[in-house]
file my_file37.cif (mmCIF, C-alpha atoms)
data_query
#
loop_
_atom_site.group_PDB
_atom_site.id
_atom_site.type_symbol
_atom_site.label_atom_id
_atom_site.label_comp_id
_atom_site.auth_asym_id
_atom_site.auth_seq_id
_atom_site.Cartn_x
_atom_site.Cartn_y
_atom_site.Cartn_z
ATOM 1 C CA MET A 952 -75.280 106.126 61.697
ATOM 2 C CA ILE A 953 -74.464 106.140 57.974
ATOM 3 C CA ILE A 954 -76.571 104.802 55.104
ATOM 4 C CA VAL A 955 -75.053 103.683 51.801
ATOM 5 C CA ALA A 956 -77.249 102.725 48.846
ATOM 6 C CA ASP A 957 -76.609 101.204 45.433
ATOM 7 C CA CYS A 958 -79.868 101.496 43.530
ATOM 8 C CA GLY A 959 -80.700 99.968 40.167
ATOM 9 C CA THR A 960 -83.896 99.724 38.193
ATOM 10 C CA THR A 961 -84.744 96.280 39.571
ATOM 11 C CA LYS A 962 -83.501 96.379 43.165
ATOM 12 C CA CYS A 963 -81.756 98.616 45.661
ATOM 13 C CA ASP A 964 -79.029 97.392 48.029
ATOM 14 C CA TRP A 965 -78.767 99.353 51.282
ATOM 15 C CA ALA A 966 -76.206 99.245 54.079
ATOM 16 C CA ILE A 967 -76.733 100.587 57.594
ATOM 17 C CA ILE A 968 -73.368 101.420 59.175
ATOM 18 C CA ASN A 969 -72.944 101.820 62.904
ATOM 19 C CA ASP A 970 -69.298 102.429 63.813
ATOM 20 C CA SER A 971 -67.534 99.690 61.814
ATOM 21 C CA ASN A 972 -70.499 97.302 61.696
ATOM 22 C CA ALA A 973 -72.773 97.090 58.640
ATOM 23 C CA GLU A 974 -76.212 95.544 58.156
ATOM 24 C CA TYR A 975 -77.345 94.896 54.582
ATOM 25 C CA ILE A 976 -80.893 95.143 53.243
ATOM 26 C CA THR A 977 -82.261 94.703 49.722
ATOM 27 C CA GLY A 978 -85.360 96.597 48.668
ATOM 28 C CA LYS A 979 -87.253 97.490 45.525
ATOM 29 C CA GLY A 980 -85.268 99.397 42.935
ATOM 30 C CA PHE A 981 -86.344 102.440 40.951
ATOM 31 C CA ASN A 982 -85.186 104.875 38.307
ATOM 32 C CA PRO A 983 -86.009 108.502 39.185
ATOM 33 C CA ILE A 984 -86.302 109.389 35.514
ATOM 34 C CA HIS A 985 -89.391 107.175 35.212
ATOM 35 C CA GLU A 986 -90.854 107.020 38.735
ATOM 36 C CA ASN A 987 -92.695 109.723 40.654
ATOM 37 C CA GLU A 988 -91.700 111.017 44.107
ATOM 38 C CA ASN A 989 -94.433 109.183 46.021
ATOM 39 C CA PHE A 990 -93.450 105.833 44.501
ATOM 40 C CA ILE A 991 -89.759 106.355 45.297
ATOM 41 C CA GLU A 992 -90.457 107.492 48.839
ATOM 42 C CA LYS A 993 -92.597 104.405 49.457
ATOM 43 C CA CYS A 994 -89.875 102.103 48.059
ATOM 44 C CA ILE A 995 -87.391 103.560 50.533
ATOM 45 C CA THR A 996 -89.589 103.719 53.627
ATOM 46 C CA ASP A 997 -90.976 100.214 53.066
ATOM 47 C CA THR A 998 -87.415 98.883 52.966
ATOM 48 C CA PHE A 999 -86.593 100.306 56.396
ATOM 49 C CA ILE A 1000 -89.803 99.434 58.261
ATOM 50 C CA ASN A 1001 -88.856 98.486 61.860
ATOM 51 C CA LYS A 1002 -85.157 98.648 60.928
ATOM 52 C CA ILE A 1003 -83.969 102.096 61.942
ATOM 53 C CA GLU A 1004 -84.979 105.427 63.390
ATOM 54 C CA PHE A 1005 -84.632 107.784 60.439
ATOM 55 C CA SER A 1006 -83.694 110.758 62.614
ATOM 56 C CA ASN A 1007 -80.566 108.919 63.836
ATOM 57 C CA VAL A 1008 -79.008 108.803 60.369
ATOM 58 C CA LYS A 1009 -76.272 111.427 59.980
ATOM 59 C CA LYS A 1010 -75.041 110.744 56.445
ATOM 60 C CA VAL A 1011 -76.555 109.137 53.350
ATOM 61 C CA PHE A 1012 -74.437 108.181 50.339
ATOM 62 C CA PHE A 1013 -76.813 107.294 47.505
ATOM 63 C CA TYR A 1014 -75.640 105.850 44.167
ATOM 64 C CA GLY A 1015 -78.512 105.362 41.752
ATOM 65 C CA ALA A 1016 -79.413 104.563 38.161
ATOM 66 C CA GLY A 1017 -80.659 107.655 36.362
ATOM 67 C CA CYS A 1018 -79.253 110.101 38.936
ATOM 68 C CA MET A 1019 -78.089 112.652 36.405
ATOM 69 C CA PRO A 1020 -76.994 116.140 37.509
ATOM 70 C CA GLY A 1021 -79.783 118.685 37.569
ATOM 71 C CA ASN A 1022 -83.467 118.136 38.232
ATOM 72 C CA ILE A 1023 -83.255 114.345 38.630
ATOM 73 C CA THR A 1024 -80.563 114.523 41.310
ATOM 74 C CA LEU A 1025 -82.412 117.345 43.046
ATOM 75 C CA LYS A 1026 -85.544 115.165 43.005
ATOM 76 C CA ILE A 1027 -83.745 112.321 44.818
ATOM 77 C CA THR A 1028 -82.103 114.768 47.219
ATOM 78 C CA LYS A 1029 -85.528 116.163 48.113
ATOM 79 C CA ILE A 1030 -86.984 112.703 48.772
ATOM 80 C CA LEU A 1031 -84.041 111.501 50.872
ATOM 81 C CA SER A 1032 -83.965 114.746 52.865
ATOM 82 C CA LYS A 1033 -87.648 114.300 53.657
ATOM 83 C CA ILE A 1034 -87.016 110.779 54.984
ATOM 84 C CA PHE A 1035 -83.600 111.173 56.627
ATOM 85 C CA ILE A 1036 -84.357 114.528 58.200
ATOM 86 C CA ASN A 1037 -81.057 115.024 60.063
ATOM 87 C CA SER A 1038 -78.749 113.728 57.365
ATOM 88 C CA GLU A 1039 -76.120 115.107 55.043
ATOM 89 C CA ILE A 1040 -77.128 113.737 51.633
ATOM 90 C CA THR A 1041 -74.636 112.856 48.880
ATOM 91 C CA ILE A 1042 -75.995 111.775 45.495
ATOM 92 C CA ASN A 1043 -74.116 110.116 42.659
ATOM 93 C CA ASP A 1044 -75.119 107.992 39.707
ATOM 94 C CA ASP A 1045 -74.740 104.208 39.679
ATOM 95 C CA LEU A 1046 -71.700 104.376 37.396
ATOM 96 C CA THR A 1047 -69.799 106.381 39.998
ATOM 97 C CA GLY A 1048 -70.850 103.794 42.573
ATOM 98 C CA ALA A 1049 -69.587 100.989 40.357
ATOM 99 C CA ALA A 1050 -66.295 102.778 39.755
ATOM 100 C CA THR A 1051 -65.792 103.549 43.431
ATOM 101 C CA SER A 1052 -66.409 99.930 44.356
ATOM 102 C CA LEU A 1053 -64.014 98.674 41.677
ATOM 103 C CA PHE A 1054 -61.166 101.150 42.071
ATOM 104 C CA LYS A 1055 -61.733 103.170 45.274
ATOM 105 C CA ASN A 1056 -58.992 105.846 45.110
ATOM 106 C CA ASP A 1057 -57.315 104.434 42.001
ATOM 107 C CA GLU A 1058 -58.356 104.989 38.393
ATOM 108 C CA GLY A 1059 -59.832 102.788 35.694
ATOM 109 C CA ILE A 1060 -62.677 102.160 33.288
ATOM 110 C CA ALA A 1061 -65.831 101.079 35.101
ATOM 111 C CA CYS A 1062 -68.493 99.033 33.325
ATOM 112 C CA ILE A 1063 -71.999 98.095 34.430
ATOM 113 C CA LEU A 1064 -73.717 95.037 32.992
ATOM 114 C CA GLY A 1065 -76.982 94.529 34.818
ATOM 115 C CA THR A 1066 -80.538 95.299 33.771
ATOM 116 C CA GLY A 1067 -78.931 98.230 31.935
ATOM 117 C CA SER A 1068 -75.346 98.975 30.937
ATOM 118 C CA ASN A 1069 -72.934 101.864 31.283
ATOM 119 C CA VAL A 1070 -69.246 102.752 30.875
ATOM 120 C CA GLY A 1071 -67.079 105.567 32.186
ATOM 121 C CA LEU A 1072 -63.494 106.591 32.921
ATOM 122 C CA TYR A 1073 -62.889 107.099 36.645
ATOM 123 C CA LYS A 1074 -60.136 109.361 37.972
ATOM 124 C CA LYS A 1075 -59.701 111.247 41.244
ATOM 125 C CA ASN A 1076 -62.855 109.738 42.741
ATOM 126 C CA ARG A 1077 -65.182 110.775 39.942
ATOM 127 C CA ILE A 1078 -66.236 109.864 36.423
ATOM 128 C CA ILE A 1079 -64.413 112.257 34.101
ATOM 129 C CA SER A 1080 -65.788 110.932 30.808
ATOM 130 C CA ARG A 1081 -68.428 108.448 29.759
ATOM 131 C CA ILE A 1082 -70.128 106.883 26.801
ATOM 132 C CA PRO A 1083 -73.885 107.615 27.069
ATOM 133 C CA SER A 1084 -75.879 104.453 27.672
ATOM 134 C CA LEU A 1085 -78.994 105.772 25.806
ATOM 135 C CA GLY A 1086 -81.256 103.263 27.576
ATOM 136 C CA TYR A 1087 -82.580 99.890 26.470
ATOM 137 C CA ILE A 1088 -84.258 101.189 23.305
ATOM 138 C CA LEU A 1089 -81.345 103.140 21.806
ATOM 139 C CA GLY A 1090 -78.384 101.587 23.586
ATOM 140 C CA ASP A 1091 -77.596 99.525 26.709
ATOM 141 C CA GLU A 1092 -75.570 97.019 24.680
ATOM 142 C CA GLY A 1093 -74.670 93.925 26.702
ATOM 143 C CA SER A 1094 -77.344 94.556 29.324
ATOM 144 C CA GLY A 1095 -79.904 92.109 30.636
ATOM 145 C CA ALA A 1096 -82.630 94.031 28.814
ATOM 146 C CA CYS A 1097 -80.797 93.784 25.489
ATOM 147 C CA LEU A 1098 -79.989 90.112 25.993
ATOM 148 C CA GLY A 1099 -83.675 89.492 26.649
ATOM 149 C CA LYS A 1100 -84.593 91.496 23.563
ATOM 150 C CA ARG A 1101 -82.082 89.576 21.435
ATOM 151 C CA LEU A 1102 -83.384 86.235 22.777
ATOM 152 C CA ILE A 1103 -87.022 87.072 22.069
ATOM 153 C CA ASN A 1104 -86.168 88.332 18.606
ATOM 154 C CA ALA A 1105 -84.320 85.114 17.771
ATOM 155 C CA ILE A 1106 -87.195 82.966 19.036
ATOM 156 C CA TYR A 1107 -90.119 84.745 17.379
ATOM 157 C CA LYS A 1108 -88.314 85.678 14.160
ATOM 158 C CA ASN A 1109 -87.576 81.968 13.615
ATOM 159 C CA GLU A 1110 -83.824 82.408 13.831
ATOM 160 C CA ILE A 1111 -83.776 79.272 15.976
ATOM 161 C CA SER A 1112 -85.935 76.175 15.860
ATOM 162 C CA ASN A 1113 -89.474 75.971 17.183
ATOM 163 C CA THR A 1114 -88.242 73.525 19.819
ATOM 164 C CA TYR A 1115 -86.499 76.384 21.580
ATOM 165 C CA ARG A 1116 -89.622 78.524 21.429
ATOM 166 C CA GLN A 1117 -91.619 75.792 23.149
ATOM 167 C CA MET A 1118 -88.888 75.336 25.724
ATOM 168 C CA PHE A 1119 -88.714 79.092 26.354
ATOM 169 C CA GLU A 1120 -92.457 79.533 26.777
ATOM 170 C CA ARG A 1121 -92.705 76.493 29.042
ATOM 171 C CA GLU A 1122 -89.753 77.328 31.312
ATOM 172 C CA CYS A 1123 -90.491 81.059 31.523
ATOM 173 C CA ASN A 1124 -94.269 80.546 31.682
ATOM 174 C CA VAL A 1125 -95.002 83.122 28.980
ATOM 175 C CA THR A 1126 -96.802 83.311 25.655
ATOM 176 C CA TYR A 1127 -96.291 85.546 22.642
ATOM 177 C CA ASN A 1128 -99.086 87.826 23.895
ATOM 178 C CA ASP A 1129 -97.418 88.038 27.311
ATOM 179 C CA ILE A 1130 -94.191 89.127 25.614
ATOM 180 C CA ILE A 1131 -95.916 91.878 23.644
ATOM 181 C CA MET A 1132 -97.849 93.164 26.656
ATOM 182 C CA GLY A 1133 -94.837 93.029 28.949
ATOM 183 C CA THR A 1134 -92.590 94.836 26.501
ATOM 184 C CA TYR A 1135 -94.999 97.587 25.455
ATOM 185 C CA ARG A 1136 -97.396 97.924 28.382
ATOM 186 C CA SER A 1137 -95.516 97.118 31.594
ATOM 187 C CA GLU A 1138 -94.295 99.813 33.988
ATOM 188 C CA SER A 1139 -90.666 98.731 33.497
ATOM 189 C CA PRO A 1140 -90.048 97.120 30.097
ATOM 190 C CA ALA A 1141 -86.285 96.893 30.705
ATOM 191 C CA THR A 1142 -86.852 94.853 33.856
ATOM 192 C CA PHE A 1143 -89.395 92.692 32.034
ATOM 193 C CA LEU A 1144 -86.926 91.897 29.249
ATOM 194 C CA ALA A 1145 -84.047 91.290 31.653
ATOM 195 C CA GLN A 1146 -86.012 88.610 33.519
ATOM 196 C CA PHE A 1147 -85.216 86.163 30.703
ATOM 197 C CA VAL A 1148 -81.460 86.267 31.339
ATOM 198 C CA PRO A 1149 -81.622 83.268 33.732
ATOM 199 C CA PHE A 1150 -83.117 81.211 30.870
ATOM 200 C CA ILE A 1151 -80.079 82.072 28.740
ATOM 201 C CA LYS A 1152 -77.764 81.230 31.631
ATOM 202 C CA GLU A 1153 -79.496 77.883 32.161
ATOM 203 C CA HIS A 1154 -78.837 76.913 28.532
ATOM 204 C CA ILE A 1155 -75.505 78.649 28.002
ATOM 205 C CA ASP A 1156 -73.750 75.382 27.133
ATOM 206 C CA ASP A 1157 -75.756 75.364 23.900
ATOM 207 C CA SER A 1158 -73.775 77.220 21.214
ATOM 208 C CA ILE A 1159 -76.912 79.079 20.090
ATOM 209 C CA PHE A 1160 -77.211 80.883 23.404
ATOM 210 C CA ARG A 1161 -73.471 81.276 23.863
ATOM 211 C CA ASN A 1162 -73.234 82.999 20.475
ATOM 212 C CA LEU A 1163 -76.178 85.210 21.391
ATOM 213 C CA VAL A 1164 -74.341 86.471 24.489
ATOM 214 C CA PHE A 1165 -71.019 86.766 22.655
ATOM 215 C CA CYS A 1166 -72.549 88.960 19.949
ATOM 216 C CA GLU A 1167 -74.226 91.223 22.480
ATOM 217 C CA PHE A 1168 -71.004 91.619 24.487
ATOM 218 C CA ASP A 1169 -69.110 92.323 21.272
ATOM 219 C CA LEU A 1170 -71.448 95.261 20.667
ATOM 220 C CA PHE A 1171 -70.804 96.462 24.209
ATOM 221 C CA PHE A 1172 -67.046 96.552 23.625
ATOM 222 C CA SER A 1173 -67.172 98.004 20.116
ATOM 223 C CA ARG A 1174 -69.672 100.754 20.930
ATOM 224 C CA ASN A 1175 -68.494 101.628 24.413
ATOM 225 C CA ILE A 1176 -65.142 100.535 25.817
ATOM 226 C CA ILE A 1177 -62.988 101.089 22.754
ATOM 227 C CA LYS A 1178 -64.506 104.561 22.317
ATOM 228 C CA ILE A 1179 -62.698 105.755 25.456
ATOM 229 C CA ASP A 1180 -59.360 107.417 24.698
ATOM 230 C CA ASN A 1181 -56.343 105.241 25.546
ATOM 231 C CA PHE A 1182 -58.646 102.508 26.869
ATOM 232 C CA LYS A 1183 -55.852 99.929 26.872
ATOM 233 C CA SER A 1184 -53.842 101.952 29.382
ATOM 234 C CA TYR A 1185 -56.424 101.553 32.169
ATOM 235 C CA ASN A 1186 -57.627 98.748 34.392
ATOM 236 C CA ILE A 1187 -61.112 97.686 33.286
ATOM 237 C CA GLY A 1188 -63.633 96.324 35.764
ATOM 238 C CA PHE A 1189 -67.232 95.165 35.648
ATOM 239 C CA VAL A 1190 -70.109 95.101 38.096
ATOM 240 C CA GLY A 1191 -73.521 93.484 37.725
ATOM 241 C CA SER A 1192 -75.224 90.122 37.570
ATOM 242 C CA VAL A 1193 -74.963 89.839 33.788
ATOM 243 C CA ALA A 1194 -71.195 90.348 33.917
ATOM 244 C CA LEU A 1195 -70.858 87.705 36.627
ATOM 245 C CA TYR A 1196 -73.237 85.193 35.018
ATOM 246 C CA PHE A 1197 -71.333 85.244 31.742
ATOM 247 C CA LYS A 1198 -67.831 86.135 32.925
ATOM 248 C CA ASP A 1199 -66.189 83.459 30.765
ATOM 249 C CA ILE A 1200 -67.787 84.822 27.594
ATOM 250 C CA LEU A 1201 -67.012 88.373 28.710
ATOM 251 C CA SER A 1202 -63.349 87.403 29.071
ATOM 252 C CA ASP A 1203 -63.379 85.769 25.620
ATOM 253 C CA VAL A 1204 -64.671 88.980 24.028
ATOM 254 C CA ALA A 1205 -62.131 91.044 25.966
ATOM 255 C CA ARG A 1206 -59.286 88.883 24.628
ATOM 256 C CA PHE A 1207 -60.590 89.449 21.108
ATOM 257 C CA TYR A 1208 -59.985 93.170 21.682
ATOM 258 C CA ASN A 1209 -56.690 92.509 23.470
ATOM 259 C CA ILE A 1210 -58.164 93.823 26.723
ATOM 260 C CA TYR A 1211 -57.538 92.473 30.219
ATOM 261 C CA ILE A 1212 -60.402 92.578 32.734
ATOM 262 C CA SER A 1213 -59.021 93.344 36.185
ATOM 263 C CA ASN A 1214 -62.132 92.588 38.230
ATOM 264 C CA ILE A 1215 -65.734 91.391 37.989
ATOM 265 C CA ILE A 1216 -68.056 91.794 40.971
ATOM 266 C CA GLN A 1217 -71.790 91.287 41.257
ATOM 267 C CA LYS A 1218 -72.703 93.919 43.851
ATOM 268 C CA PRO A 1219 -70.889 97.188 44.588
ATOM 269 C CA ILE A 1220 -72.482 97.654 48.024
ATOM 270 C CA ASN A 1221 -69.893 95.797 50.131
ATOM 271 C CA ARG A 1222 -66.972 97.699 48.657
ATOM 272 C CA LEU A 1223 -68.854 100.976 48.871
ATOM 273 C CA VAL A 1224 -69.271 100.342 52.588
ATOM 274 C CA GLU A 1225 -65.517 99.703 52.883
ATOM 275 C CA PHE A 1226 -64.787 102.914 51.013
ATOM 276 C CA HIS A 1227 -67.045 105.096 53.142
ATOM 277 C CA THR A 1228 -65.848 103.643 56.431
ATOM 278 C CA GLU A 1229 -62.177 103.979 55.463
ATOM 279 C CA THR A 1230 -62.191 107.346 53.710
ATOM 280 C CA ASN A 1231 -62.092 110.627 55.552
ATOM 281 C CA ASN A 1232 -65.258 112.582 54.731
ATOM 282 C CA ASN A 1233 -63.236 115.723 54.105
ATOM 283 C CA ASN A 1234 -61.526 114.020 51.167
ATOM 284 C CA ILE A 1235 -64.907 113.224 49.647
ATOM 285 C CA ASN A 1236 -66.114 116.779 50.035
ATOM 286 C CA ASP A 1237 -62.998 118.122 48.305
ATOM 287 C CA ILE A 1238 -64.050 116.648 44.934
ATOM 288 C CA SER A 1239 -64.386 119.507 42.442
ATOM 289 C CA TYR A 1240 -67.781 120.293 41.039
ATOM 290 C CA ASP A 1241 -68.676 119.904 37.360
ATOM 291 C CA ASP A 1242 -71.363 118.156 35.317
ATOM 292 C CA ASN A 1243 -70.512 114.830 36.974
ATOM 293 C CA SER A 1244 -70.010 116.127 40.503
ATOM 294 C CA ASN A 1245 -71.588 115.173 43.784
ATOM 295 C CA ILE A 1246 -74.447 117.243 45.116
ATOM 296 C CA ILE A 1247 -74.096 117.560 48.883
ATOM 297 C CA LEU A 1248 -76.888 118.997 50.977
ATOM 298 C CA LYS A 1249 -75.975 119.940 54.544
#

call {"tool": "encode", "arguments": {"input": "my_file37.cif", "output": "structure tokens"}}
result
Amino acid sequence: MIIVADCGTTKCDWAIINDSNAEYITGKGFNPIHENENFIEKCITDTFINKIEFSNVKKVFFYGAGCMPGNITLKITKILSKIFINSEITINDDLTGAATSLFKNDEGIACILGTGSNVGLYKKNRIISRIPSLGYILGDEGSGACLGKRLINAIYKNEISNTYRQMFERECNVTYNDIIMGTYRSESPATFLAQFVPFIKEHIDDSIFRNLVFCEFDLFFSRNIIKIDNFKSYNIGFVGSVALYFKDILSDVARFYNIYISNIIQKPINRLVEFHTETNNNNINDISYDDNSNIILK
């Protein structure tokens, strides 16, 4: 039995592979930079209640937000090894998961537009260079969190009419005080801010909201994609709900930069399952080790 996971801040998609058959489960997401070990362990075990016998799992391929080399990756390795006691554990960050799902054994520039955002150049089954995301406070351009932040700013700084504020508060069932508390006091401010993306999507035919998304995506391209050397020589693909929700606007911005988007997918998990059922494990283990390498615990 093999387990494959694609874990974001909001949710975690899991696949249980027996031979060539896969069962998919969605559980609570987490970022190991912010969450403690007990919380993460509970998120994982709660997801698999009455689903599997943990001791039967032989391999776990985990792709997760915040899984940076060093202590954070070792933290996740420790938790997974405690749960899947007989398993070989392979840890990678979510950007590597996105790139693998988009390009498999080919190369290209992988982009994530979900609750957060990220960009990296993928070659020989690994990310060889990346533009740091810096998180929703300092970066994450184009992400759900930044779209939510831009929307709230426009509403409460009177950049748009009071009619939209009333509509926003009514449809999202929030008040100004709720916004302040959720942004500065909630356990996951990025997730809180990203929850307002569906409101933008619902009203995207209005030029005010379309321009809001266009401007945020323009920042994503100008601060991330075009900073990668020879970016026009690679296929460029996107994963994430934000990319899929606003794919037409994303394509418009790409054309402005004379860039062609080769693929947009919402969830990497299905293609990650294909990759790990088709690829010989020895090829995966042959990846050279550096600051972006896999950590494999046998």

call {"tool": "resolve_selection", "arguments": {"input": "my_file37.cif", "expression": "the PyMOL selection byres ((chain A and resi 1041-1053) around 6)", "output": "MDAnalysis selection string"}}
result
chainID A and resid 1012:1016 1018 1040 1054:1055 1061 1219 1222:1223 1245:1247

call {"tool": "resolve_selection", "arguments": {"input": "my_file37.cif", "expression": "the PyMOL selection byres ((chain A and resi 1159-1161) around 10)", "output": "ChimeraX atom specification"}}
result
/A:1098,1102,1105,1110-1111,1150-1158,1162-1166,1197,1200

call {"tool": "closest_residue", "arguments": {"input": "my_file37.cif", "among": "A:Tyr1185, A:Ile1060, A:Ile1215, A:Ile1103", "to": "Asp1199 (chain A)", "atoms": "all atoms listed in the file"}}
result
A:Ile1215

call {"tool": "resolve_selection", "arguments": {"input": "my_file37.cif", "expression": "the PyMOL selection byres ((chain A and resi 1081) around 9)", "output": "list in words"}}
result
Asn1069, Val1070, Gly1071, Leu1072, Tyr1073, Ile1078, Ile1079, Ser1080, Ile1082, Pro1083, Ser1084, Asn1175 and Ile1179 of chain A

call {"tool": "closest_atom_pairs", "arguments": {"input": "my_file37.cif", "of": "region 1079-1174 of chain A", "to": "region 984-992 of chain A", "cutoff": "12 Å", "atoms": "all atoms listed in the file", "output": "JSON lines"}}
result
{"residue": "A:Gly1086", "atom": "CA", "partner": "A:Ile984", "partner_atom": "CA", "distance": 11.2}
{"residue": "A:Glu1138", "atom": "CA", "partner": "A:His985", "partner_atom": "CA", "distance": 8.9}
{"residue": "A:Ser1139", "atom": "CA", "partner": "A:His985", "partner_atom": "CA", "distance": 8.7}
{"residue": "A:Pro1140", "atom": "CA", "partner": "A:His985", "partner_atom": "CA", "distance": 11.3}
{"residue": "A:Ala1141", "atom": "CA", "partner": "A:His985", "partner_atom": "CA", "distance": 11.6}

call {"tool": "residues_around", "arguments": {"input": "my_file37.cif", "residues": "Tyr1196 (chain A)", "least_positions_apart": "3", "cutoff": "9 Å", "atoms": "only C-alpha atoms", "output": "list in words"}}
result
Pro1149, Lys1152, Gly1191, Ser1192, Val1193, Asp1199 and Gln1217 of chain A

call {"tool": "residues_around", "arguments": {"input": "my_file37.cif", "residues": "Ile1027 (chain A)", "least_positions_apart": "3", "cutoff": "8 Å", "atoms": "all atoms listed in the file", "output": "MDAnalysis selection string"}}
result
chainID A and resid 983 1018 1023:1024 1030:1031 1042

call {"tool": "atom_distance", "arguments": {"input": "my_file37.cif", "atom1": "CA of Ile1106 (chain A)", "atom2": "CA of Tyr1135 (chain A)"}}
result
17.8 Å

call {"tool": "closest_residue", "arguments": {"input": "my_file37.cif", "among": "A:Lys993, A:Ala1205, A:Lys1026, A:Ile953", "to": "Ser1006 (chain A)", "atoms": "all atoms listed in the file"}}
result
A:Ile953

call {"tool": "closest_residue", "arguments": {"input": "my_file37.cif", "among": "A:Val955, A:Val1204, A:Cys963, A:Val1008", "to": "Lys979 (chain A)", "atoms": "all atoms listed in the file"}}
result
A:Cys963

call {"tool": "closest_residue", "arguments": {"input": "my_file37.cif", "among": "A:Ile1187, A:Ile968, A:Met952, A:Ile1130", "to": "Ile1220 (chain A)", "atoms": "only C-alpha atoms"}}
result
A:Ile968

call {"tool": "closest_residue", "arguments": {"input": "my_file37.cif", "among": "A:Ser1094, A:Asn1221, A:Ser1032, A:Asn1007", "to": "Ala1145 (chain A)", "atoms": "all atoms listed in the file"}}
result
A:Ser1094

call {"tool": "residues_around", "arguments": {"input": "my_file37.cif", "residues": "Gly1093 (chain A)", "least_positions_apart": "5", "cutoff": "6 Å", "atoms": "all atoms listed in the file", "output": "list of chain:residue names"}}
result
A:Glu1167, A:Phe1168, A:Phe1171

call {"tool": "atom_distance", "arguments": {"input": "my_file37.cif", "atom1": "CA of Thr1066 (chain A)", "atom2": "CA of Ile954 (chain A)"}}
result
23.7 Å
